file structure.tsv (TSV, N, CA and C atoms)
chain	number	residue	atom	x	y	z
A	1	MET	N	0.83	-1.19	0.00
A	1	MET	CA	0.00	0.00	0.00
A	1	MET	C	0.87	1.25	0.00
A	2	ALA	N	0.44	2.24	-0.72
A	2	ALA	CA	1.21	3.48	-0.85
A	2	ALA	C	0.73	4.51	0.17
A	3	ASP	N	1.66	5.38	0.57
A	3	ASP	CA	1.27	6.44	1.49
A	3	ASP	C	0.58	7.56	0.71
A	4	PRO	N	-0.22	8.38	1.41
A	4	PRO	CA	-1.00	9.43	0.71
A	4	PRO	C	-0.15	10.42	-0.08
A	5	THR	N	1.02	10.75	0.42
A	5	THR	CA	1.89	11.68	-0.31
A	5	THR	C	2.33	11.07	-1.64
A	6	ARG	N	2.69	9.82	-1.61
A	6	ARG	CA	3.10	9.14	-2.84
A	6	ARG	C	1.94	9.04	-3.83
A	7	LEU	N	0.75	8.75	-3.33
A	7	LEU	CA	-0.43	8.67	-4.19
A	7	LEU	C	-0.71	10.00	-4.87
A	8	ARG	N	-0.59	11.09	-4.11
A	8	ARG	CA	-0.80	12.43	-4.70
A	8	ARG	C	0.25	12.72	-5.77
A	9	ARG	N	1.50	12.35	-5.48
A	9	ARG	CA	2.58	12.58	-6.43
A	9	ARG	C	2.36	11.77	-7.72
A	10	ILE	N	1.96	10.52	-7.58
A	10	ILE	CA	1.67	9.69	-8.74
A	10	ILE	C	0.49	10.28	-9.52
A	11	GLY	N	-0.55	10.68	-8.80
A	11	GLY	CA	-1.71	11.30	-9.44
A	11	GLY	C	-1.33	12.55	-10.22
A	12	GLU	N	-0.45	13.36	-9.64
A	12	GLU	CA	-0.02	14.58	-10.32
A	12	GLU	C	0.81	14.25	-11.56
A	13	GLN	N	1.66	13.24	-11.49
A	13	GLN	CA	2.43	12.82	-12.66
A	13	GLN	C	1.50	12.34	-13.77
A	14	ILE	N	0.53	11.55	-13.40
A	14	ILE	CA	-0.45	11.06	-14.38
A	14	ILE	C	-1.21	12.23	-14.99
A	15	ARG	N	-1.64	13.18	-14.15
A	15	ARG	CA	-2.40	14.34	-14.63
A	15	ARG	C	-1.60	15.13	-15.65
A	16	ILE	N	-0.34	15.40	-15.35
A	16	ILE	CA	0.51	16.18	-16.25
A	16	ILE	C	0.72	15.45	-17.57
A	17	GLU	N	1.07	14.19	-17.51
A	17	GLU	CA	1.34	13.44	-18.73
A	17	GLU	C	0.07	13.20	-19.56
A	18	LEU	N	-1.04	12.96	-18.89
A	18	LEU	CA	-2.31	12.77	-19.61
A	18	LEU	C	-2.73	14.07	-20.30
A	19	ALA	N	-2.54	15.19	-19.64
A	19	ALA	CA	-2.86	16.48	-20.26
A	19	ALA	C	-2.01	16.70	-21.50
A	20	LYS	N	-0.72	16.38	-21.40
A	20	LYS	CA	0.17	16.51	-22.57
A	20	LYS	C	-0.29	15.57	-23.69
A	21	LEU	N	-0.64	14.36	-23.30
A	21	LEU	CA	-1.09	13.37	-24.28
A	21	LEU	C	-2.33	13.86	-25.02
A	22	LEU	N	-3.30	14.37	-24.28
A	22	LEU	CA	-4.53	14.86	-24.90
A	22	LEU	C	-4.26	16.08	-25.78
A	23	LEU	N	-3.36	16.94	-25.34
A	23	LEU	CA	-3.09	18.18	-26.07
A	23	LEU	C	-2.27	17.92	-27.34
A	24	ASN	N	-1.25	17.10	-27.23
A	24	ASN	CA	-0.29	16.96	-28.33
A	24	ASN	C	-0.48	15.74	-29.22
A	25	ASP	N	-0.90	14.65	-28.64
A	25	ASP	CA	-0.84	13.39	-29.37
A	25	ASP	C	-2.17	12.88	-29.90
A	26	ILE	N	-3.24	13.50	-29.51
A	26	ILE	CA	-4.56	13.01	-29.90
A	26	ILE	C	-5.08	13.89	-31.04
A	27	ASN	N	-5.67	13.26	-32.05
A	27	ASN	CA	-6.11	13.99	-33.23
A	27	ASN	C	-7.53	14.54	-33.14
A	28	ASP	N	-8.29	14.14	-32.16
A	28	ASP	CA	-9.67	14.60	-32.02
A	28	ASP	C	-9.69	16.02	-31.47
A	29	ARG	N	-10.15	16.96	-32.26
A	29	ARG	CA	-10.14	18.39	-31.88
A	29	ARG	C	-11.01	18.68	-30.67
A	30	ARG	N	-12.04	17.89	-30.44
A	30	ARG	CA	-12.92	18.12	-29.29
A	30	ARG	C	-12.16	18.00	-27.99
A	31	LEU	N	-11.11	17.19	-27.98
A	31	LEU	CA	-10.34	16.99	-26.77
A	31	LEU	C	-9.47	18.19	-26.41
A	32	ALA	N	-9.36	19.14	-27.34
A	32	ALA	CA	-8.61	20.37	-27.04
A	32	ALA	C	-9.30	21.18	-25.96
A	33	PHE	N	-10.59	20.97	-25.75
A	33	PHE	CA	-11.34	21.72	-24.74
A	33	PHE	C	-11.49	20.96	-23.42
A	34	VAL	N	-10.72	19.88	-23.28
A	34	VAL	CA	-10.74	19.08	-22.05
A	34	VAL	C	-9.57	19.50	-21.18
A	35	SER	N	-9.85	19.70	-19.89
A	35	SER	CA	-8.79	19.96	-18.91
A	35	SER	C	-8.86	18.89	-17.84
A	36	ILE	N	-7.73	18.30	-17.56
A	36	ILE	CA	-7.65	17.31	-16.48
A	36	ILE	C	-7.41	18.08	-15.19
A	37	THR	N	-8.34	17.96	-14.25
A	37	THR	CA	-8.25	18.78	-13.04
A	37	THR	C	-7.63	18.02	-11.86
A	38	TYR	N	-7.88	16.74	-11.76
A	38	TYR	CA	-7.42	16.00	-10.59
A	38	TYR	C	-7.44	14.51	-10.89
A	39	ILE	N	-6.50	13.79	-10.30
A	39	ILE	CA	-6.46	12.33	-10.42
A	39	ILE	C	-6.50	11.76	-9.00
A	40	GLU	N	-7.44	10.88	-8.78
A	40	GLU	CA	-7.54	10.19	-7.48
A	40	GLU	C	-7.09	8.75	-7.69
A	41	VAL	N	-5.95	8.42	-7.10
A	41	VAL	CA	-5.36	7.09	-7.29
A	41	VAL	C	-5.72	6.21	-6.10
A	42	ALA	N	-6.15	4.98	-6.37
A	42	ALA	CA	-6.49	4.01	-5.32
A	42	ALA	C	-5.24	3.65	-4.53
A	43	ARG	N	-5.43	3.30	-3.29
A	43	ARG	CA	-4.30	2.98	-2.41
A	43	ARG	C	-3.47	1.81	-2.92
A	44	ASP	N	-4.10	0.87	-3.60
A	44	ASP	CA	-3.36	-0.29	-4.12
A	44	ASP	C	-2.86	-0.06	-5.55
A	45	LEU	N	-3.03	1.16	-6.06
A	45	LEU	CA	-2.58	1.56	-7.40
A	45	LEU	C	-3.23	0.80	-8.53
A	46	SER	N	-4.36	0.13	-8.26
A	46	SER	CA	-5.01	-0.66	-9.31
A	46	SER	C	-5.86	0.19	-10.25
A	47	HIS	N	-6.41	1.27	-9.75
A	47	HIS	CA	-7.24	2.12	-10.60
A	47	HIS	C	-7.16	3.58	-10.14
A	48	SER	N	-7.62	4.45	-11.01
A	48	SER	CA	-7.65	5.87	-10.70
A	48	SER	C	-8.88	6.52	-11.33
A	49	LYS	N	-9.35	7.56	-10.67
A	49	LYS	CA	-10.45	8.37	-11.20
A	49	LYS	C	-9.82	9.63	-11.76
A	50	VAL	N	-10.12	9.91	-13.01
A	50	VAL	CA	-9.59	11.08	-13.68
A	50	VAL	C	-10.72	12.10	-13.78
A	51	PHE	N	-10.58	13.21	-13.07
A	51	PHE	CA	-11.59	14.25	-13.10
A	51	PHE	C	-11.21	15.27	-14.16
A	52	PHE	N	-12.19	15.64	-14.98
A	52	PHE	CA	-11.93	16.57	-16.08
A	52	PHE	C	-13.03	17.62	-16.16
A	53	THR	N	-12.70	18.72	-16.79
A	53	THR	CA	-13.70	19.72	-17.14
A	53	THR	C	-13.70	19.85	-18.66
A	54	TYR	N	-14.79	20.39	-19.16
A	54	TYR	CA	-14.94	20.54	-20.61
A	54	TYR	C	-15.72	21.81	-20.89
A	55	ILE	N	-15.24	22.58	-21.83
A	55	ILE	CA	-15.95	23.79	-22.24
A	55	ILE	C	-16.96	23.38	-23.30
A	56	GLY	N	-18.21	23.39	-22.92
A	56	GLY	CA	-19.26	22.98	-23.84
A	56	GLY	C	-20.53	22.68	-23.06
A	57	ASP	N	-21.57	22.33	-23.78
A	57	ASP	CA	-22.85	22.07	-23.10
A	57	ASP	C	-22.89	20.65	-22.52
A	58	ALA	N	-23.97	20.36	-21.80
A	58	ALA	CA	-24.10	19.09	-21.08
A	58	ALA	C	-24.08	17.89	-22.02
A	59	ALA	N	-24.71	18.00	-23.17
A	59	ALA	CA	-24.73	16.88	-24.12
A	59	ALA	C	-23.33	16.58	-24.63
A	60	GLU	N	-22.57	17.62	-24.92
A	60	GLU	CA	-21.19	17.43	-25.38
A	60	GLU	C	-20.34	16.81	-24.28
A	61	ARG	N	-20.58	17.23	-23.03
A	61	ARG	CA	-19.84	16.67	-21.89
A	61	ARG	C	-20.03	15.17	-21.79
A	62	VAL	N	-21.28	14.72	-21.95
A	62	VAL	CA	-21.57	13.29	-21.89
A	62	VAL	C	-20.85	12.57	-23.03
A	63	GLU	N	-20.87	13.15	-24.20
A	63	GLU	CA	-20.20	12.56	-25.36
A	63	GLU	C	-18.69	12.48	-25.12
A	64	ILE	N	-18.10	13.53	-24.59
A	64	ILE	CA	-16.66	13.56	-24.33
A	64	ILE	C	-16.30	12.55	-23.25
A	65	LYS	N	-17.12	12.45	-22.22
A	65	LYS	CA	-16.86	11.47	-21.16
A	65	LYS	C	-16.85	10.06	-21.74
A	66	GLY	N	-17.82	9.76	-22.60
A	66	GLY	CA	-17.85	8.45	-23.25
A	66	GLY	C	-16.63	8.22	-24.11
A	67	LEU	N	-16.24	9.23	-24.87
A	67	LEU	CA	-15.07	9.13	-25.73
A	67	LEU	C	-13.81	8.86	-24.91
A	68	LEU	N	-13.66	9.59	-23.80
A	68	LEU	CA	-12.49	9.41	-22.94
A	68	LEU	C	-12.47	8.01	-22.33
A	69	ASN	N	-13.61	7.56	-21.84
A	69	ASN	CA	-13.67	6.24	-21.22
A	69	ASN	C	-13.45	5.11	-22.24
A	70	GLU	N	-13.91	5.31	-23.47
A	70	GLU	CA	-13.67	4.32	-24.53
A	70	GLU	C	-12.18	4.21	-24.85
A	71	SER	N	-11.49	5.33	-24.72
A	71	SER	CA	-10.06	5.37	-25.05
A	71	SER	C	-9.16	5.16	-23.83
A	72	ALA	N	-9.73	4.88	-22.68
A	72	ALA	CA	-8.97	4.79	-21.44
A	72	ALA	C	-7.84	3.76	-21.50
A	73	LYS	N	-8.09	2.62	-22.14
A	73	LYS	CA	-7.04	1.59	-22.21
A	73	LYS	C	-5.85	2.08	-23.04
A	74	GLU	N	-6.14	2.77	-24.12
A	74	GLU	CA	-5.06	3.32	-24.95
A	74	GLU	C	-4.28	4.38	-24.18
A	75	TYR	N	-4.99	5.26	-23.47
A	75	TYR	CA	-4.31	6.28	-22.66
A	75	TYR	C	-3.44	5.61	-21.59
A	76	ARG	N	-3.97	4.57	-20.98
A	76	ARG	CA	-3.21	3.85	-19.95
A	76	ARG	C	-1.92	3.28	-20.53
A	77	TYR	N	-2.03	2.70	-21.71
A	77	TYR	CA	-0.85	2.15	-22.37
A	77	TYR	C	0.17	3.26	-22.66
A	78	GLN	N	-0.32	4.37	-23.21
A	78	GLN	CA	0.58	5.50	-23.52
A	78	GLN	C	1.24	6.05	-22.26
A	79	LEU	N	0.48	6.17	-21.18
A	79	LEU	CA	1.03	6.66	-19.92
A	79	LEU	C	2.06	5.69	-19.36
A	80	ALA	N	1.81	4.41	-19.49
A	80	ALA	CA	2.76	3.40	-19.00
A	80	ALA	C	4.09	3.52	-19.74
A	81	GLN	N	4.06	3.92	-21.00
A	81	GLN	CA	5.28	4.12	-21.77
A	81	GLN	C	6.05	5.36	-21.28
A	82	ARG	N	5.32	6.37	-20.82
A	82	ARG	CA	5.92	7.64	-20.40
A	82	ARG	C	6.38	7.63	-18.95
A	83	LEU	N	5.61	6.98	-18.09
A	83	LEU	CA	5.90	6.98	-16.66
A	83	LEU	C	6.55	5.66	-16.27
A	84	LYS	N	7.48	5.74	-15.39
A	84	LYS	CA	8.17	4.53	-14.95
A	84	LYS	C	7.57	4.06	-13.62
A	85	LEU	N	6.37	3.50	-13.70
A	85	LEU	CA	5.70	2.96	-12.53
A	85	LEU	C	5.67	1.44	-12.64
A	86	ARG	N	5.75	0.76	-11.51
A	86	ARG	CA	5.66	-0.70	-11.54
A	86	ARG	C	4.31	-1.16	-12.05
A	87	ALA	N	3.27	-0.45	-11.62
A	87	ALA	CA	1.91	-0.77	-12.06
A	87	ALA	C	1.22	0.52	-12.47
A	88	MET	N	0.67	0.52	-13.65
A	88	MET	CA	-0.06	1.69	-14.12
A	88	MET	C	-1.54	1.48	-13.81
A	89	PRO	N	-2.15	2.38	-13.01
A	89	PRO	CA	-3.56	2.21	-12.66
A	89	PRO	C	-4.47	2.34	-13.88
A	90	SER	N	-5.58	1.64	-13.85
A	90	SER	CA	-6.59	1.83	-14.90
A	90	SER	C	-7.19	3.23	-14.73
A	91	LEU	N	-7.79	3.74	-15.78
A	91	LEU	CA	-8.33	5.10	-15.78
A	91	LEU	C	-9.84	5.08	-15.96
A	92	THR	N	-10.54	5.81	-15.11
A	92	THR	CA	-11.97	6.02	-15.25
A	92	THR	C	-12.20	7.52	-15.24
A	93	PHE	N	-12.81	8.04	-16.29
A	93	PHE	CA	-13.01	9.48	-16.41
A	93	PHE	C	-14.34	9.90	-15.81
A	94	ARG	N	-14.29	11.00	-15.06
A	94	ARG	CA	-15.49	11.58	-14.45
A	94	ARG	C	-15.46	13.09	-14.64
A	95	TYR	N	-16.63	13.64	-14.91
A	95	TYR	CA	-16.70	15.09	-15.05
A	95	TYR	C	-16.57	15.75	-13.69
A	96	ASP	N	-15.74	16.77	-13.59
A	96	ASP	CA	-15.50	17.50	-12.34
A	96	ASP	C	-16.51	18.63	-12.23
A	97	GLU	N	-17.48	18.45	-11.36
A	97	GLU	CA	-18.55	19.44	-11.19
A	97	GLU	C	-18.17	20.55	-10.22
A	98	SER	N	-17.01	20.47	-9.59
A	98	SER	CA	-16.65	21.44	-8.55
A	98	SER	C	-16.54	22.87	-9.09
A	99	ILE	N	-16.09	23.04	-10.31
A	99	ILE	CA	-15.96	24.38	-10.88
A	99	ILE	C	-17.34	24.99	-11.11
A	100	GLU	N	-18.26	24.20	-11.65
A	100	GLU	CA	-19.63	24.69	-11.85
A	100	GLU	C	-20.29	25.01	-10.51
A	101	LYS	N	-20.09	24.13	-9.53
A	101	LYS	CA	-20.67	24.37	-8.21
A	101	LYS	C	-20.09	25.63	-7.58
A	102	GLY	N	-18.80	25.84	-7.75
A	102	GLY	CA	-18.15	27.05	-7.24
A	102	GLY	C	-18.68	28.30	-7.90
A	103	ALA	N	-18.87	28.26	-9.21
A	103	ALA	CA	-19.41	29.41	-9.94
A	103	ALA	C	-20.85	29.69	-9.50
A	104	ASP	N	-21.63	28.62	-9.31
A	104	ASP	CA	-23.01	28.78	-8.85
A	104	ASP	C	-23.05	29.39	-7.46
A	105	LEU	N	-22.18	28.92	-6.58
A	105	LEU	CA	-22.11	29.46	-5.23
A	105	LEU	C	-21.70	30.92	-5.25
A	106	GLN	N	-20.72	31.25	-6.08
A	106	GLN	CA	-20.28	32.65	-6.22
A	106	GLN	C	-21.42	33.53	-6.70
A	107	SER	N	-22.19	33.04	-7.65
A	107	SER	CA	-23.34	33.79	-8.17
A	107	SER	C	-24.36	34.04	-7.07
A	108	LYS	N	-24.63	33.01	-6.27
A	108	LYS	CA	-25.59	33.15	-5.17
A	108	LYS	C	-25.09	34.15	-4.12
A	109	ILE	N	-23.81	34.12	-3.83
A	109	ILE	CA	-23.23	35.06	-2.86
A	109	ILE	C	-23.35	36.49	-3.38
A	110	GLU	N	-23.05	36.70	-4.65
A	110	GLU	CA	-23.16	38.03	-5.24
A	110	GLU	C	-24.60	38.52	-5.22
A	111	LYS	N	-25.54	37.65	-5.53
A	111	LYS	CA	-26.95	38.01	-5.52
A	111	LYS	C	-27.38	38.39	-4.11
A	112	LEU	N	-26.99	37.59	-3.13
A	112	LEU	CA	-27.33	37.87	-1.74
A	112	LEU	C	-26.71	39.18	-1.28
A	113	SER	N	-25.48	39.42	-1.68
A	113	SER	CA	-24.77	40.65	-1.32
A	113	SER	C	-25.50	41.87	-1.88
A	114	LYS	N	-25.97	41.78	-3.12
A	114	LYS	CA	-26.71	42.89	-3.72
A	114	LYS	C	-28.02	43.12	-2.99
A	115	GLU	N	-28.69	42.03	-2.63
A	115	GLU	CA	-29.96	42.15	-1.90
A	115	GLU	C	-29.75	42.79	-0.53
A	116	LEU	N	-28.70	42.37	0.16
A	116	LEU	CA	-28.40	42.95	1.46
A	116	LEU	C	-28.02	44.41	1.34
A	117	SER	N	-27.26	44.73	0.32
A	117	SER	CA	-26.86	46.11	0.07
A	117	SER	C	-28.08	46.98	-0.21
A	118	ALA	N	-29.01	46.45	-0.99
A	118	ALA	CA	-30.25	47.19	-1.32
A	118	ALA	C	-31.09	47.38	-0.07
A	119	ASP	N	-31.18	46.36	0.79
A	119	ASP	CA	-31.93	46.46	2.02
A	119	ASP	C	-31.34	47.49	2.97
A	120	LEU	N	-30.02	47.57	3.02
A	120	LEU	CA	-29.35	48.54	3.89
A	120	LEU	C	-29.51	49.98	3.38
A	121	ASP	N	-29.65	50.13	2.07
A	121	ASP	CA	-29.84	51.46	1.48
A	121	ASP	C	-31.24	52.01	1.75
A	122	ASP	N	-32.21	51.11	1.99
A	122	ASP	CA	-33.60	51.55	2.21
A	122	ASP	C	-33.79	52.16	3.55
call {"tool": "encode", "arguments": {"input": "structure.tsv", "output": "structure tokens"}}
result
Amino acid sequence: MADPTRLRRIGEQIRIELAKLLLNDINDRRLAFVSITYIEVARDLSHSKVFFTYIGDAAERVEIKGLLNESAKEYRYQLAQRLKLRAMPSLTFRYDESIEKGADLQSKIEKLSKELSADLDD
């Protein structure tokens, strides 16, 4: 079993190399709008969750997620060639909703702030 610091370091290495792979080596232009935000590696290094964001609507996001997951084995192979790990974890792609949730929360805070400001002015 790996310690948490090592898992984070491995996740960060995978994130960097996968981002390079998607940017430089993949011919599908839709993947140019994909950002890898975080990699969560299992303690036994058998699998990892790859969190990504995508600039586009919800339907496109679903399509991109499917495309990424269909290609996960190929990405894993490519990453294994680039990274010198004893075992390369499998990849499962998930959309990272944290950015949208953060933007929504920020919007609500701004709205509330304006309402409070208006109430104080009255």
call {"tool": "closest_residue", "arguments": {"input": "structure.tsv", "among": "A:Arg86, A:Ile55, A:Thr92, A:Glu60", "to": "A:Tyr38", "atoms": "only C-alpha atoms"}}
result
A:Thr92
call {"tool": "axis_aligned_box", "arguments": {"input": "structure.tsv", "around": "stretch 78-91 of chain A", "padding_each_side": "6 Å", "output": "AutoDock Vina command-line options"}}
result
--center_x -0.8 --center_y 3.2 --center_z -17.5 --size_x 30.0 --size_y 20.8 --size_z 24.0
call {"tool": "closest_residue", "arguments": {"input": "structure.tsv", "among": "A:Leu45, A:Arg61, A:Glu110, A:Lys20", "to": "A:Ala87", "atoms": "all atoms listed in the file"}}
result
A:Leu45
call {"tool": "atom_distance", "arguments": {"input": "structure.tsv", "atom1": "atom CA of A:Glu40", "atom2": "atom CA of A:Glu63"}}
result
22.0 Å
call {"tool": "select_by_dssp", "arguments": {"input": "structure.tsv", "residues": "chain A", "states": "helix (DSSP H, G or I)", "output": "PyMOL selection string"}}
result
chain A and resi 4-25+29-33+58-70+72-82+98-121
